[in-house]
Structures are given as C-alpha cells and as structure tokens.
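Visitor: This structure is in structure tokens; I'll ask about it shortly.
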Amino acid sequence: MTQPDDHITVSEGARLELKCNYSSSVSLSLFWYMQYPNQGLQLLLKYVSGDNLVSGIKGFEAEFRNSETSFHLRKIPAHWKDSAKYFCALSDISLFPL
C-alpha cells in the first residue's frame, strides 16, 4: 500500500481526495480509516466485493479500480471536522472468509 499524499490542505467546502495505491494479484478487502488526535482508528468504509463505488460514514466514498490498483477516498464538500490522519489498508480475502 502506498499513500502518496503525506499532507494535504483542502479549503472548507472543496473536494477532498486522498490517494491509495496497492500492488497485489490476490483478491483483496480494502479499508479506509481516520484518526483524530489522541483517539483510536475509526473505520470509514471497506470494499470486499460488488459495487466498485463504496459509500461510508461521514459522507466519505471510495472507488475500487482494479485496473489502476487504486482505492482513492473522496468527500464533497470537505468540512473542518475532517481534519485528521487517514490510513488505507488491505487484507487478503482468503485470510478472512465471508
């Protein structure tokens, strides 16, 4: 997993996009988490299978693009309460059968 954006600044009401790229040939589950200062991780959304556009909590969405090996997180409009650390993660589906 790589998150090329170490730090971004987004204006209130603008489009927020955080990039996540992966390299794997196995079936994946993909996740986005956020973390406010001095708090634990909070799961925003996950992709296991089905529709490539995933809606999550707090107005976030992410699109799974297998051909581009990407799972970018988006929110429109951004709000000051979105200021946090964001983490993209993956898991091999075979490790956690449905």
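Please note that chains go A, B, ... in the order of the structure tokens, that every chain numbers its residues from 1, and that ligands are numbered from 1 in the order shown.
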As a PyMOL selection string, list the residues of chain A assigned to strand (DSSP E) by DSSP on the backbone atoms of this structure.

Guide: chain A and resi 16-18+28-35+42-47+53-55+61-65+70-75+85-92

Visitor: Fewer than 3 positions away in the same chain doesn't count, so skip those; otherwise give me all residues within 9 Å of stretch 23-32 of chain A, counting only C-alpha atoms, as a VMD selection string.

Guide: chain A and resid 1 to 2 42 to 49 62 64 69 to 71 73 86 to 94

Visitor: Between A:Asn66, A:Ile8, A:Met34, A:Gly13, which residue has the minimum interatomic distance to A:Asn52, considering only C-alpha atoms?

Guide: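 For A:Asn52, the nearest of the candidates is A:Asn66.
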
Visitor: Between atom CA of A:Lys58 and atom CA of A:Tyr33, measure the distance and give it in Å to one decimal.

Guide: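 Taking atom CA of A:Lys58 and atom CA of A:Tyr33, their separation equals 11.7 Å.
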